[in-house]
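Enquirer: The file below is final-v1.txt, compact mmCIF, C-alpha atoms:
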```txt
# COMPACT_ATOMS: atom_id res chain seq x y z
CA MET Y 1 -102.91 -77.53 -148.26
CA ASN Y 2 -102.65 -81.27 -148.65
CA TYR Y 3 -99.07 -81.17 -147.46
CA PHE Y 4 -100.05 -79.09 -144.46
CA VAL Y 5 -102.77 -81.57 -143.40
CA ALA Y 6 -100.32 -84.44 -143.80
CA PHE Y 7 -97.81 -82.55 -141.66
CA ILE Y 8 -100.34 -82.04 -138.85
CA LEU Y 9 -101.52 -85.65 -139.05
CA ALA Y 10 -97.94 -86.89 -138.92
CA ILE Y 11 -97.33 -84.81 -135.78
CA VAL Y 12 -100.45 -86.22 -134.10
CA SER Y 13 -99.46 -89.71 -135.15
CA TYR Y 14 -95.96 -89.42 -133.71
CA THR Y 15 -97.26 -87.79 -130.54
CA VAL Y 16 -99.99 -90.14 -129.39
CA ILE Y 17 -100.18 -93.20 -131.64
CA ASP Y 18 -96.55 -94.05 -132.14
CA ASN Y 19 -95.49 -92.53 -128.83
CA VAL Y 20 -91.73 -92.35 -128.23
CA VAL Y 21 -91.67 -93.68 -124.72
CA LEU Y 22 -94.56 -96.11 -124.73
CA SER Y 23 -94.30 -97.74 -128.11
CA ARG Y 24 -90.86 -96.90 -129.48
CA TYR Y 25 -89.09 -97.28 -126.12
CA PHE Y 26 -86.85 -94.23 -126.41
CA GLY Y 27 -85.85 -92.33 -123.31
CA ILE Y 28 -87.01 -94.82 -120.69
CA CYS Y 29 -84.01 -94.04 -118.47
CA SER Y 30 -84.91 -90.39 -118.00
CA PHE Y 31 -88.60 -91.31 -117.98
CA VAL Y 32 -88.18 -93.56 -114.96
CA GLY Y 33 -85.40 -91.49 -113.42
CA VAL Y 34 -86.96 -88.02 -113.30
CA GLY Y 35 -90.61 -88.83 -113.43
CA ASN Y 36 -91.63 -88.33 -109.80
CA LYS Y 37 -91.93 -84.55 -109.61
CA VAL Y 38 -94.38 -82.80 -111.88
CA LYS Y 39 -92.42 -79.57 -112.19
CA SER Y 40 -89.08 -81.16 -113.03
CA ALA Y 41 -90.80 -83.55 -115.42
CA VAL Y 42 -92.25 -80.63 -117.35
CA SER Y 43 -88.88 -78.81 -117.35
CA MET Y 44 -87.21 -81.96 -118.63
CA GLY Y 45 -89.85 -82.27 -121.33
CA ILE Y 46 -89.30 -78.69 -122.50
CA ALA Y 47 -85.51 -79.05 -122.54
CA VAL Y 48 -85.75 -82.30 -124.48
CA THR Y 49 -88.19 -80.72 -126.92
CA PHE Y 50 -85.78 -77.89 -127.58
CA VAL Y 51 -82.77 -80.16 -128.07
CA ILE Y 52 -84.67 -82.58 -130.32
CA LEU Y 53 -85.93 -79.76 -132.55
CA MET Y 54 -82.51 -78.13 -132.81
CA ALA Y 55 -80.76 -81.44 -133.41
CA ALA Y 56 -83.24 -82.41 -136.13
CA LEU Y 57 -82.87 -78.98 -137.71
CA VAL Y 58 -79.06 -79.21 -137.77
CA CYS Y 59 -78.51 -82.90 -138.48
CA TRP Y 60 -80.79 -83.32 -141.48
CA PRO Y 61 -78.96 -80.79 -143.71
CA LEU Y 62 -75.65 -81.97 -142.30
CA TYR Y 63 -76.38 -85.53 -143.39
CA ASN Y 64 -78.00 -84.79 -146.73
CA PHE Y 65 -75.76 -81.96 -147.92
CA ILE Y 66 -72.38 -82.92 -146.46
CA LEU Y 67 -72.18 -86.60 -145.51
CA VAL Y 68 -74.11 -88.00 -148.49
CA PRO Y 69 -72.20 -86.04 -151.20
CA ALA Y 70 -68.95 -86.98 -149.49
CA HIS Y 71 -69.99 -90.69 -149.30
CA MET Y 72 -69.38 -90.73 -145.58
CA GLU Y 73 -72.80 -91.98 -144.42
CA TYR Y 74 -71.08 -94.39 -142.05
CA MET Y 75 -69.87 -91.44 -139.97
CA GLU Y 76 -73.45 -90.47 -139.08
CA THR Y 77 -73.49 -91.81 -135.51
CA ILE Y 78 -70.27 -90.01 -134.53
CA VAL Y 79 -71.32 -86.75 -136.19
CA PHE Y 80 -74.81 -86.80 -134.69
CA ILE Y 81 -73.69 -87.52 -131.16
CA LEU Y 82 -71.15 -84.69 -131.37
CA VAL Y 83 -73.80 -82.30 -132.68
CA ILE Y 84 -76.18 -83.30 -129.89
CA ALA Y 85 -73.51 -83.00 -127.18
CA SER Y 86 -72.47 -79.54 -128.34
CA LEU Y 87 -76.10 -78.45 -128.74
CA VAL Y 88 -76.77 -79.44 -125.17
CA GLN Y 89 -73.73 -77.40 -124.09
CA ILE Y 90 -74.88 -74.37 -126.10
CA VAL Y 91 -78.42 -74.64 -124.79
CA GLY Y 92 -76.99 -74.82 -121.29
CA TYR Y 93 -74.87 -71.67 -121.75
CA PHE Y 94 -77.75 -69.82 -123.41
CA ILE Y 95 -80.25 -70.61 -120.67
CA LYS Y 96 -77.67 -69.76 -118.00
CA LYS Y 97 -77.14 -66.30 -119.56
CA LYS Y 98 -80.77 -65.50 -120.31
CA SER Y 99 -82.64 -66.99 -117.40
CA PRO Y 100 -80.70 -68.16 -114.33
CA THR Y 101 -83.90 -69.33 -112.63
CA LEU Y 102 -84.77 -71.67 -115.50
CA TYR Y 103 -81.17 -72.85 -115.51
CA LYS Y 104 -81.50 -73.77 -111.85
CA THR Y 105 -84.54 -75.95 -112.52
CA LEU Y 106 -83.14 -77.50 -115.69
CA GLY Y 107 -79.49 -77.53 -114.66
CA ILE Y 108 -79.07 -81.12 -113.54
CA TYR Y 109 -81.13 -82.51 -116.41
CA LEU Y 110 -79.22 -80.79 -119.18
CA PRO Y 111 -76.25 -83.21 -119.30
CA LEU Y 112 -78.72 -86.11 -119.11
CA ILE Y 113 -80.27 -85.06 -122.41
CA THR Y 114 -77.12 -86.00 -124.33
CA THR Y 115 -77.61 -89.60 -123.28
CA ASN Y 116 -81.37 -89.54 -123.82
CA CYS Y 117 -82.01 -92.08 -126.54
CA ALA Y 118 -84.99 -90.08 -127.77
CA VAL Y 119 -82.74 -87.37 -129.25
CA LEU Y 120 -80.35 -89.66 -131.10
CA GLY Y 121 -83.18 -92.02 -131.98
CA VAL Y 122 -85.20 -89.29 -133.68
CA VAL Y 123 -82.19 -87.94 -135.55
CA GLU Y 124 -81.18 -91.42 -136.74
CA THR Y 125 -84.68 -92.35 -137.96
CA ASN Y 126 -85.02 -88.96 -139.67
CA MET Y 127 -82.30 -89.83 -142.15
CA ALA Y 128 -84.76 -91.96 -144.12
CA TYR Y 129 -87.31 -89.11 -144.34
CA ASP Y 130 -87.61 -85.87 -146.29
CA PHE Y 131 -87.18 -82.56 -144.47
CA GLY Y 132 -90.88 -81.91 -143.78
CA ARG Y 133 -91.47 -85.34 -142.40
CA SER Y 134 -88.35 -85.26 -140.26
CA MET Y 135 -89.54 -81.99 -138.73
CA ALA Y 136 -92.94 -83.58 -138.07
CA ASN Y 137 -91.17 -86.53 -136.48
CA ALA Y 138 -89.09 -84.23 -134.26
CA LEU Y 139 -92.06 -82.12 -133.19
CA GLY Y 140 -94.37 -85.07 -132.63
CA THR Y 141 -91.78 -87.09 -130.75
CA SER Y 142 -90.86 -84.26 -128.40
CA LEU Y 143 -94.51 -83.39 -127.77
CA GLY Y 144 -95.22 -87.04 -127.10
CA PHE Y 145 -92.27 -87.26 -124.71
CA THR Y 146 -93.39 -84.16 -122.80
CA LEU Y 147 -97.01 -85.37 -122.65
CA VAL Y 148 -96.14 -88.83 -121.37
CA ILE Y 149 -93.51 -87.69 -118.88
CA PHE Y 150 -96.03 -85.16 -117.49
CA LEU Y 151 -98.85 -87.72 -117.20
CA PHE Y 152 -96.48 -90.21 -115.66
CA ALA Y 153 -95.25 -87.72 -113.06
CA CYS Y 154 -98.85 -86.94 -112.07
CA ILE Y 155 -99.57 -90.64 -111.59
CA ARG Y 156 -96.37 -91.18 -109.61
CA VAL Y 157 -97.30 -88.40 -107.19
CA ARG Y 158 -100.42 -90.40 -106.41
CA LEU Y 159 -98.41 -93.64 -106.21
CA GLU Y 160 -96.21 -92.23 -103.44
CA SER Y 161 -99.13 -92.20 -101.03
CA SER Y 162 -100.82 -95.40 -102.18
CA ASN Y 163 -100.38 -98.81 -100.69
CA VAL Y 164 -98.50 -101.00 -103.17
CA PRO Y 165 -97.09 -104.47 -102.46
CA ARG Y 166 -93.69 -104.08 -100.83
CA ALA Y 167 -91.76 -105.79 -103.61
CA PHE Y 168 -93.29 -103.47 -106.21
CA LYS Y 169 -92.34 -100.22 -104.45
CA GLY Y 170 -90.36 -97.75 -106.55
CA VAL Y 171 -89.32 -98.67 -110.08
CA PRO Y 172 -91.31 -101.93 -110.56
CA ILE Y 173 -94.71 -100.29 -109.96
CA ALA Y 174 -93.65 -97.38 -112.16
CA LEU Y 175 -92.98 -99.84 -114.98
CA ILE Y 176 -96.35 -101.51 -114.44
CA VAL Y 177 -97.98 -98.06 -114.60
CA ALA Y 178 -96.11 -97.42 -117.83
CA ALA Y 179 -97.41 -100.74 -119.16
CA ILE Y 180 -101.00 -99.72 -118.42
CA MET Y 181 -100.37 -96.36 -120.09
CA ALA Y 182 -98.96 -98.18 -123.11
CA ILE Y 183 -102.11 -100.31 -123.29
CA VAL Y 184 -104.22 -97.13 -123.17
CA PHE Y 185 -102.19 -95.60 -125.99
CA LEU Y 186 -102.52 -98.87 -127.95
CA GLY Y 187 -106.21 -98.09 -128.19
CA LEU Y 188 -105.39 -95.11 -130.40
CA GLY Y 189 -103.56 -97.31 -132.91
CA GLY Y 190 -104.86 -97.16 -136.46
CA MET Y 191 -106.67 -93.87 -135.89
CA ILE Y 192 -104.59 -92.15 -138.54
CA ASP Y 193 -103.44 -94.05 -141.60
CA LEU Y 194 -100.27 -92.31 -142.66
CA GLY Y 195 -100.09 -94.60 -145.68
CA SER Y 196 -103.08 -92.93 -147.30
CA TRP Y 197 -101.13 -89.67 -147.18
CA GLY Y 198 -98.10 -91.24 -148.77
CA LEU Y 199 -96.18 -91.20 -145.54
CA ALA Y 200 -95.97 -94.85 -144.53
CA MET O 1 -50.93 -110.57 -101.82
CA ALA O 2 -51.00 -112.08 -105.29
CA ASN O 3 -53.86 -114.29 -104.19
CA GLU O 4 -55.79 -111.29 -102.93
CA SER O 5 -55.44 -109.36 -106.18
CA LYS O 6 -56.52 -112.48 -108.06
CA ASN O 7 -59.58 -112.65 -105.84
CA ASN O 8 -60.32 -109.01 -106.52
CA ARG O 9 -60.07 -109.62 -110.25
CA LEU O 10 -62.47 -112.51 -109.98
CA ARG O 11 -64.84 -110.25 -108.05
CA VAL O 12 -64.61 -107.56 -110.76
CA PHE O 13 -65.79 -110.16 -113.25
CA LEU O 14 -68.34 -111.99 -111.10
CA ASP O 15 -70.06 -109.11 -109.31
CA PRO O 16 -71.86 -107.69 -112.38
CA LEU O 17 -73.27 -111.13 -113.18
CA LEU O 18 -75.60 -111.14 -110.18
CA LYS O 19 -74.82 -108.86 -107.27
CA SER O 20 -74.54 -105.62 -109.24
CA ASN O 21 -76.25 -106.72 -112.45
CA PRO O 22 -76.48 -103.67 -114.70
CA LEU O 23 -80.11 -104.26 -115.67
CA PHE O 24 -81.74 -106.04 -112.73
CA VAL O 25 -79.94 -104.29 -109.87
CA MET O 26 -78.71 -100.96 -111.25
CA VAL O 27 -81.73 -100.58 -113.60
CA LEU O 28 -79.56 -99.16 -116.41
CA GLY O 29 -79.87 -99.69 -120.13
CA THR O 30 -83.62 -100.15 -119.97
CA CYS O 31 -84.40 -98.84 -123.46
CA PRO O 32 -82.85 -101.71 -125.42
CA ALA O 33 -83.92 -104.13 -122.69
CA LEU O 34 -87.53 -103.32 -123.58
CA ALA O 35 -87.21 -102.69 -127.29
CA VAL O 36 -85.31 -105.72 -128.58
CA THR O 37 -86.64 -108.38 -126.21
CA THR O 38 -89.67 -109.42 -128.25
CA SER O 39 -87.67 -112.47 -129.25
CA PHE O 40 -85.02 -114.50 -127.44
CA GLU O 41 -82.63 -114.46 -130.36
CA SER O 42 -82.64 -110.72 -130.97
CA ALA O 43 -82.05 -110.17 -127.24
CA ILE O 44 -78.98 -112.40 -127.37
CA GLY O 45 -77.79 -110.61 -130.50
CA MET O 46 -78.17 -107.25 -128.81
CA GLY O 47 -76.26 -108.57 -125.80
CA LEU O 48 -73.41 -109.71 -128.01
CA LEU O 49 -73.11 -106.36 -129.80
CA PHE O 50 -73.34 -104.58 -126.45
CA THR O 51 -70.57 -106.72 -124.96
CA PHE O 52 -68.36 -106.05 -127.98
CA VAL O 53 -68.80 -102.28 -127.72
CA LEU O 54 -68.35 -102.24 -123.95
CA PHE O 55 -65.25 -104.44 -124.09
CA PHE O 56 -63.36 -102.37 -126.65
CA SER O 57 -64.44 -98.97 -125.34
CA ASN O 58 -63.46 -99.96 -121.79
CA LEU O 59 -60.13 -101.26 -123.08
CA LEU O 60 -59.28 -98.10 -124.99
CA ILE O 61 -60.52 -95.72 -122.31
CA SER O 62 -58.54 -97.42 -119.56
CA ALA O 63 -55.46 -97.48 -121.79
CA LEU O 64 -55.84 -93.74 -122.45
CA ARG O 65 -56.94 -92.78 -118.94
CA LYS O 66 -53.74 -90.85 -118.23
CA VAL O 67 -53.73 -89.11 -121.61
CA ILE O 68 -57.28 -87.72 -121.71
CA PRO O 69 -57.52 -84.44 -119.78
CA GLU O 70 -60.21 -84.36 -117.13
CA GLU O 71 -62.10 -81.39 -118.64
CA VAL O 72 -62.90 -83.17 -121.91
CA GLU O 73 -63.42 -86.62 -120.40
CA THR O 74 -67.06 -87.16 -121.33
CA PRO O 75 -66.84 -85.88 -124.93
CA ALA O 76 -63.73 -88.00 -125.47
CA TYR O 77 -65.49 -91.10 -124.11
CA ILE O 78 -68.51 -90.46 -126.29
CA VAL O 79 -66.33 -90.24 -129.40
CA ILE O 80 -64.49 -93.45 -128.48
CA ILE O 81 -67.78 -95.26 -127.84
CA ALA O 82 -69.32 -93.88 -131.04
CA THR O 83 -66.33 -95.17 -133.00
CA PHE O 84 -66.81 -98.71 -131.74
CA VAL O 85 -70.55 -98.48 -132.27
CA THR O 86 -69.92 -97.53 -135.89
CA ILE O 87 -67.57 -100.51 -136.26
CA VAL O 88 -70.20 -102.83 -134.76
CA LYS O 89 -72.83 -101.32 -137.02
CA LEU O 90 -70.79 -101.96 -140.16
CA LEU O 91 -69.78 -105.47 -139.03
CA SER O 92 -73.32 -106.54 -138.16
CA GLU O 93 -74.69 -105.00 -141.34
CA THR O 94 -72.27 -107.12 -143.36
CA PHE O 95 -72.16 -110.41 -141.48
CA LEU O 96 -75.50 -110.54 -139.65
CA PRO O 97 -77.87 -108.48 -141.83
CA GLU O 98 -80.96 -110.12 -140.32
CA LEU O 99 -79.87 -109.17 -136.82
CA TYR O 100 -79.04 -105.65 -137.97
CA SER O 101 -82.48 -105.12 -139.48
CA THR O 102 -84.21 -106.60 -136.41
CA LEU O 103 -82.37 -104.34 -133.98
CA GLY O 104 -82.71 -101.34 -136.30
CA VAL O 105 -81.91 -98.01 -134.75
CA PHE O 106 -81.00 -99.64 -131.43
CA VAL O 107 -77.57 -100.59 -132.75
CA ALA O 108 -76.79 -96.89 -133.21
CA LEU O 109 -78.38 -96.15 -129.85
CA LEU O 110 -75.66 -98.19 -128.12
CA VAL O 111 -73.79 -94.86 -128.15
CA VAL O 112 -76.14 -93.43 -125.56
CA ASN O 113 -76.47 -96.64 -123.56
CA CYS O 114 -76.07 -95.58 -119.93
CA ILE O 115 -74.11 -98.71 -119.04
CA VAL O 116 -71.34 -98.15 -121.59
CA LEU O 117 -70.79 -94.53 -120.58
CA GLY O 118 -71.36 -95.43 -116.94
CA ARG O 119 -68.66 -98.11 -116.91
CA ALA O 120 -66.28 -95.72 -118.67
CA GLU O 121 -66.79 -93.02 -116.04
CA ALA O 122 -67.12 -95.27 -113.00
CA PHE O 123 -64.55 -97.94 -113.73
CA ALA O 124 -62.36 -97.71 -116.83
CA ASN O 125 -60.94 -94.27 -116.08
CA LYS O 126 -59.73 -95.38 -112.65
CA ASN O 127 -58.52 -98.92 -113.25
CA GLY O 128 -55.97 -100.82 -115.29
CA VAL O 129 -56.51 -102.35 -118.69
CA VAL O 130 -56.90 -105.95 -117.49
CA ASP O 131 -59.36 -105.02 -114.76
CA SER O 132 -61.37 -102.90 -117.18
CA MET O 133 -61.52 -105.74 -119.67
CA LEU O 134 -62.78 -108.10 -116.96
CA ASP O 135 -65.30 -105.51 -115.80
CA ALA O 136 -66.55 -105.08 -119.36
CA LEU O 137 -66.86 -108.85 -119.84
CA GLY O 138 -68.69 -109.21 -116.53
CA ASN O 139 -71.10 -106.41 -117.31
CA GLY O 140 -71.56 -107.64 -120.87
CA VAL O 141 -72.39 -111.18 -119.80
CA GLY O 142 -74.56 -109.90 -116.94
CA TYR O 143 -76.55 -107.64 -119.26
CA THR O 144 -76.80 -110.32 -121.95
CA TRP O 145 -78.27 -112.96 -119.65
CA ALA O 146 -80.63 -110.39 -118.17
CA ILE O 147 -82.10 -109.27 -121.49
CA ALA O 148 -82.02 -112.85 -122.80
CA ALA O 149 -84.12 -113.90 -119.80
CA ILE O 150 -86.64 -111.16 -120.51
CA GLY O 151 -86.61 -112.07 -124.20
CA LEU O 152 -87.20 -115.73 -123.40
CA VAL O 153 -90.18 -114.96 -121.14
CA ARG O 154 -91.67 -112.51 -123.64
CA GLU O 155 -91.28 -114.82 -126.62
CA VAL O 156 -92.51 -117.98 -124.89
CA PHE O 157 -95.47 -116.36 -123.14
CA GLY O 158 -96.19 -113.87 -125.90
CA THR O 159 -96.22 -116.19 -128.91
CA GLY O 160 -96.37 -119.62 -127.29
CA THR O 161 -93.41 -120.81 -129.31
CA LEU O 162 -89.64 -120.45 -129.35
CA THR O 163 -88.07 -119.82 -132.73
CA PHE O 164 -84.41 -120.26 -133.62
CA GLY O 165 -82.73 -119.31 -136.85
CA LYS O 166 -84.81 -116.25 -137.63
CA THR O 167 -82.23 -113.68 -136.59
CA PHE O 168 -79.11 -115.84 -136.70
CA THR O 169 -79.69 -117.22 -140.16
CA PHE O 170 -76.69 -119.55 -140.02
CA ILE O 171 -78.59 -121.99 -137.77
CA PRO O 172 -81.45 -123.94 -139.37
CA LYS O 173 -84.83 -122.42 -138.65
CA THR O 174 -86.72 -124.37 -136.01
CA THR O 175 -89.86 -123.49 -134.07
CA ILE O 176 -90.45 -125.25 -130.77
CA PRO O 177 -94.09 -125.21 -129.62
CA ILE O 178 -94.22 -124.66 -125.85
CA LEU O 179 -97.53 -123.12 -124.84
CA GLY O 180 -99.59 -124.23 -127.80
CA LYS O 181 -99.62 -124.81 -131.55
CA TRP O 182 -98.71 -128.44 -130.85
CA SER O 183 -98.61 -130.64 -133.94
CA GLY O 184 -100.20 -128.03 -136.16
CA SER O 185 -103.24 -127.22 -134.02
CA GLU O 186 -104.25 -123.56 -133.57
CA PHE O 187 -104.77 -123.88 -129.80
CA SER O 188 -102.46 -121.62 -127.82
CA LEU O 189 -102.17 -120.41 -124.24
CA ALA O 190 -100.02 -117.44 -125.23
CA LEU O 191 -100.73 -113.89 -124.04
CA PRO O 192 -100.09 -111.69 -127.08
CA ILE O 193 -99.92 -108.60 -124.84
CA LEU O 194 -96.43 -109.72 -123.81
CA SER O 195 -95.09 -109.33 -127.33
CA SER O 196 -96.72 -105.91 -127.71
CA SER O 197 -95.14 -102.71 -126.48
CA ALA O 198 -96.85 -102.88 -123.08
CA GLY O 199 -95.48 -106.38 -122.49
CA GLY O 200 -91.93 -105.12 -122.19
CA PHE O 201 -92.84 -102.87 -119.29
CA ILE O 202 -94.78 -105.68 -117.59
CA ALA O 203 -91.97 -108.21 -118.00
CA LEU O 204 -89.26 -105.87 -116.69
CA GLY O 205 -91.49 -104.58 -113.87
CA VAL O 206 -92.30 -108.08 -112.66
CA ALA O 207 -88.64 -109.13 -112.94
CA LEU O 208 -87.55 -106.15 -110.81
CA ALA O 209 -90.32 -106.91 -108.30
CA ILE O 210 -89.17 -110.53 -108.00
CA ILE O 211 -85.62 -109.34 -107.34
CA ALA O 212 -86.87 -106.83 -104.75
CA ALA O 213 -88.91 -109.60 -103.10
CA ILE O 214 -85.82 -111.82 -102.88
CA GLY O 215 -83.89 -108.90 -101.37
CA ASN O 216 -86.68 -108.24 -98.87
CA TYR O 217 -86.80 -111.91 -97.90
CA LYS O 218 -83.03 -112.02 -97.38
CA ALA O 219 -83.10 -108.86 -95.27
CA HIS O 220 -86.00 -110.29 -93.26
CA LYS O 221 -84.10 -113.54 -92.67
CA ALA O 222 -80.94 -111.73 -91.63
CA LYS O 223 -82.98 -109.66 -89.18
CA GLU O 224 -84.60 -112.78 -87.72
CA LYS O 225 -81.22 -114.42 -87.37
CA ALA O 226 -79.76 -111.37 -85.65
CA LYS O 227 -82.76 -111.27 -83.30
CA LEU O 228 -82.38 -114.95 -82.43
CA GLU O 229 -78.68 -114.52 -81.76
CA LYS O 230 -79.37 -111.52 -79.56
CA GLU O 231 -81.93 -113.51 -77.55
CA LYS O 232 -79.47 -116.35 -77.18
CA ALA O 233 -76.78 -113.96 -75.99
CA ILE O 234 -79.18 -112.40 -73.46
CA ALA O 235 -80.19 -115.84 -72.19
CA ALA O 236 -76.55 -116.85 -71.88
CA ALA O 237 -75.72 -113.64 -70.02
CA LYS O 238 -78.67 -114.26 -67.68
CA ALA O 239 -77.54 -117.81 -67.01
CA ASN O 240 -74.05 -116.54 -66.33
CA SER O 241 -75.20 -113.90 -63.87
CA GLN O 242 -77.41 -116.46 -62.10
CA LYS O 243 -74.43 -118.74 -61.81
CA GLY O 244 -72.44 -115.84 -60.39
CA ALA O 245 -75.19 -115.14 -57.82
CA GLU O 246 -75.20 -118.75 -56.68
```
Would you put the structure from the file into structure tokens?

Expert:
Amino acid sequence: MNYFVAFILAIVSYTVIDNVVLSRYFGICSFVGVGNKVKSAVSMGIAVTFVILMAALVCWPLYNFILVPAHMEYMETIVFILVIASLVQIVGYFIKKKSPTLYKTLGIYLPLITTNCAVLGVVETNMAYDFGRSMANALGTSLGFTLVIFLFACIRVRLESSNVPRAFKGVPIALIVAAIMAIVFLGLGGMIDLGSWGLA
Amino acid sequence: MANESKNNRLRVFLDPLLKSNPLFVMVLGTCPALAVTTSFESAIGMGLLFTFVLFFSNLLISALRKVIPEEVETPAYIVIIATFVTIVKLLSETFLPELYSTLGVFVALLVVNCIVLGRAEAFANKNGVVDSMLDALGNGVGYTWAIAAIGLVREVFGTGTLTFGKTFTFIPKTTIPILGKWSGSEFSLALPILSSSAGGFIALGVALAIIAAIGNYKAHKAKEKAKLEKEKAIAAAKANSQKGAE
């Protein structure tokens, strides 16, 4: 029971308090790049969620049961990036077979996920955690990414029709919006003390 | 001919410094540009590691550009880049442990840095080894000064002071008070928001806006100039035709 509560709290913490995009700065490129259409933002979020979960699920045992016993921890970056790249390929093939319509919407974003820092970032930070916590990290991070990219897309739709200073048009105003969102999310800081659950 | 190719080489190196700066103009590599720029020193450290990775991956990729089959280009580049990132990781862990712990996971994330892969796909696989090396150096220096500038602004305005020797432990630790904390007083004009996570977005957003404003101003000036020249030409043509009529 205790473990379950800690798991849920860790997910909430990684989703809103320690948000990937706004406070850990992972995945800004795709955040700024895709974030102007609500539908594609949500599709991107779902695809990233799937890849992060799969990558976390594969990489943690790979690191702890193969690389650590073989004393090859230094190979982690190469192994992880290969796992992520092939996962993205497999996910692409799978979606193409099962649902061509979804593939059409996700298609162009799939290769982008390989170079999304959020995926590699989560997998790399997970190596210091146990399996439960790394799953919480993966789930929370991907939920947080999807949430923020969705909110951001909604705001950017409004921005298109608003009158911003000419120099700020496009990416600069988007970054300022992100800054304001980060300040809002800062307000949630300290809501959950992971340390009291032995998770700090 | 030789002169021209020399000029081109110079261009390959100089263009990424300003005209096609990877961060300020192309808006690539934004993740580390926001994450490691809370201090000037760590930004410079990141820039150095970045330049190292870019230089060697560009070198190897351009040397192997005729060997790597087109179908497996991207995976091959990723493996090459990951190899150099691992080397950088081990080197910095051994020789600059403070820098390594400050940058944290962002050293490993150099693998997925859009600029490194972008230069490999856009430049190194089409050009010779020397050109690719120059391109890598240009982009490396361009990116380094860009993130160092952001780091400088964020550290000075965020903490009010400029500290050296915290990340590069081989220089003696000195703190220069700029916006406050003069001679031990607690008074400070710093805006702590700039060193928080939101500050990165603000600093980069304002920097991009300034660059857009400069671009707008230049375009405006060029337009004015063209207009003036056109008016002059029309006036001259009028004068000519009047002369002809007389």

Enquirer: Mind listing as a ChimeraX atom specification which residues of chain Y are within 10 Å of chain O, counting only C-alpha atoms?

Expert: /Y:21-29,32-33,74-82,85-86,112-122,124-125,165-186

Enquirer: Given only C-alpha atoms as the basis, pick out the residue of Y:Asn126, Y:Ser13, Y:Thr49, Y:Asn19 nearest to Ile192 of chain Y.

Expert: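 Residue with the minimum atom-to-atom distance to Ile192 of chain Y: Y:Ser13.
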
Enquirer: Interatomic distance between atom CA of Ala226 of chain O and atom CA of Leu17 of chain O?

Expert: 28.3 Å

Enquirer: Take atom CA of Tyr143 of chain O and atom CA of Phe168 of chain O and report the distance between them in Å, one decimal.

Expert: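 Spanning atom CA of Tyr143 of chain O to atom CA of Phe168 of chain O is a straight-line distance of 19.4 Å.
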
Enquirer: One number please: atom CA of Met127 of chain Y to atom CA of Val20 of chain Y, in Å, one decimal.

Expert: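 Atom-to-atom, atom CA of Met127 of chain Y to atom CA of Val20 of chain Y, that is 17.0 Å.
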
Enquirer: Pull the neighbourhood of (-68.9, -108.6, -127.0) for me: all residues within 10 Å in file coordinates, counting only C-alpha atoms, as a ChimeraX atom specification.

Expert: /O:45-56,88,136-137,140-141,144

Enquirer: Return the single residue from O:Asp135, O:Ser42, O:Met26, O:Tyr100 that is closest to Val12 of chain O, with distances computed using only C-alpha atoms.

Expert: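 Comparing O:Asp135, O:Ser42, O:Met26, O:Tyr100 against Val12 of chain O, the winner is O:Asp135.
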
Enquirer: Box in all listed atoms of segment 187-197 of chain O, axis-aligned, with 4 Å more on each side; write out centre and edge lengths in Å to one decimal as AutoDock Vina command-line options.

Expert:
```
--center_x -99.9 --center_y -113.3 --center_z -126.8 --size_x 17.7 --size_y 29.2 --size_z 14.0
```

Enquirer: For segment 137-149 of chain Y, list every protein, DNA or RNA residue within 7 Å, evaluated using only C-alpha atoms, and leave out those in the same chain fewer than 4 positions away; present the list as an MDAnalysis selection string.

Expert: chainID Y and resid 11:12 14:16 19:21 31 35 41:42 45:46 48:49 52:53 56 122 133 153

Enquirer: Might you pull out every residue within 7 Å of Ser39 of chain O, with only C-alpha atoms counted and same-chain residues fewer than 4 positions away left off, and present them as a PDB file with C-alpha atoms, in the frame of the given file?

Expert:
```
ATOM      1  CA  ALA O  43     -82.050-110.170-127.240  1.00  0.00           C
ATOM      2  CA  GLY O 151     -86.610-112.070-124.200  1.00  0.00           C
ATOM      3  CA  LEU O 152     -87.200-115.730-123.400  1.00  0.00           C
ATOM      4  CA  ARG O 154     -91.670-112.510-123.640  1.00  0.00           C
ATOM      5  CA  GLU O 155     -91.280-114.820-126.620  1.00  0.00           C
TER       6      GLU O 155
END
```

Enquirer: Select, from O:Glu41, O:Glu186, O:Glu229, O:Glu73, the residue with the minimum atom-to-atom distance to Ile61 of chain O, counting only C-alpha atoms.

Expert: O:Glu73
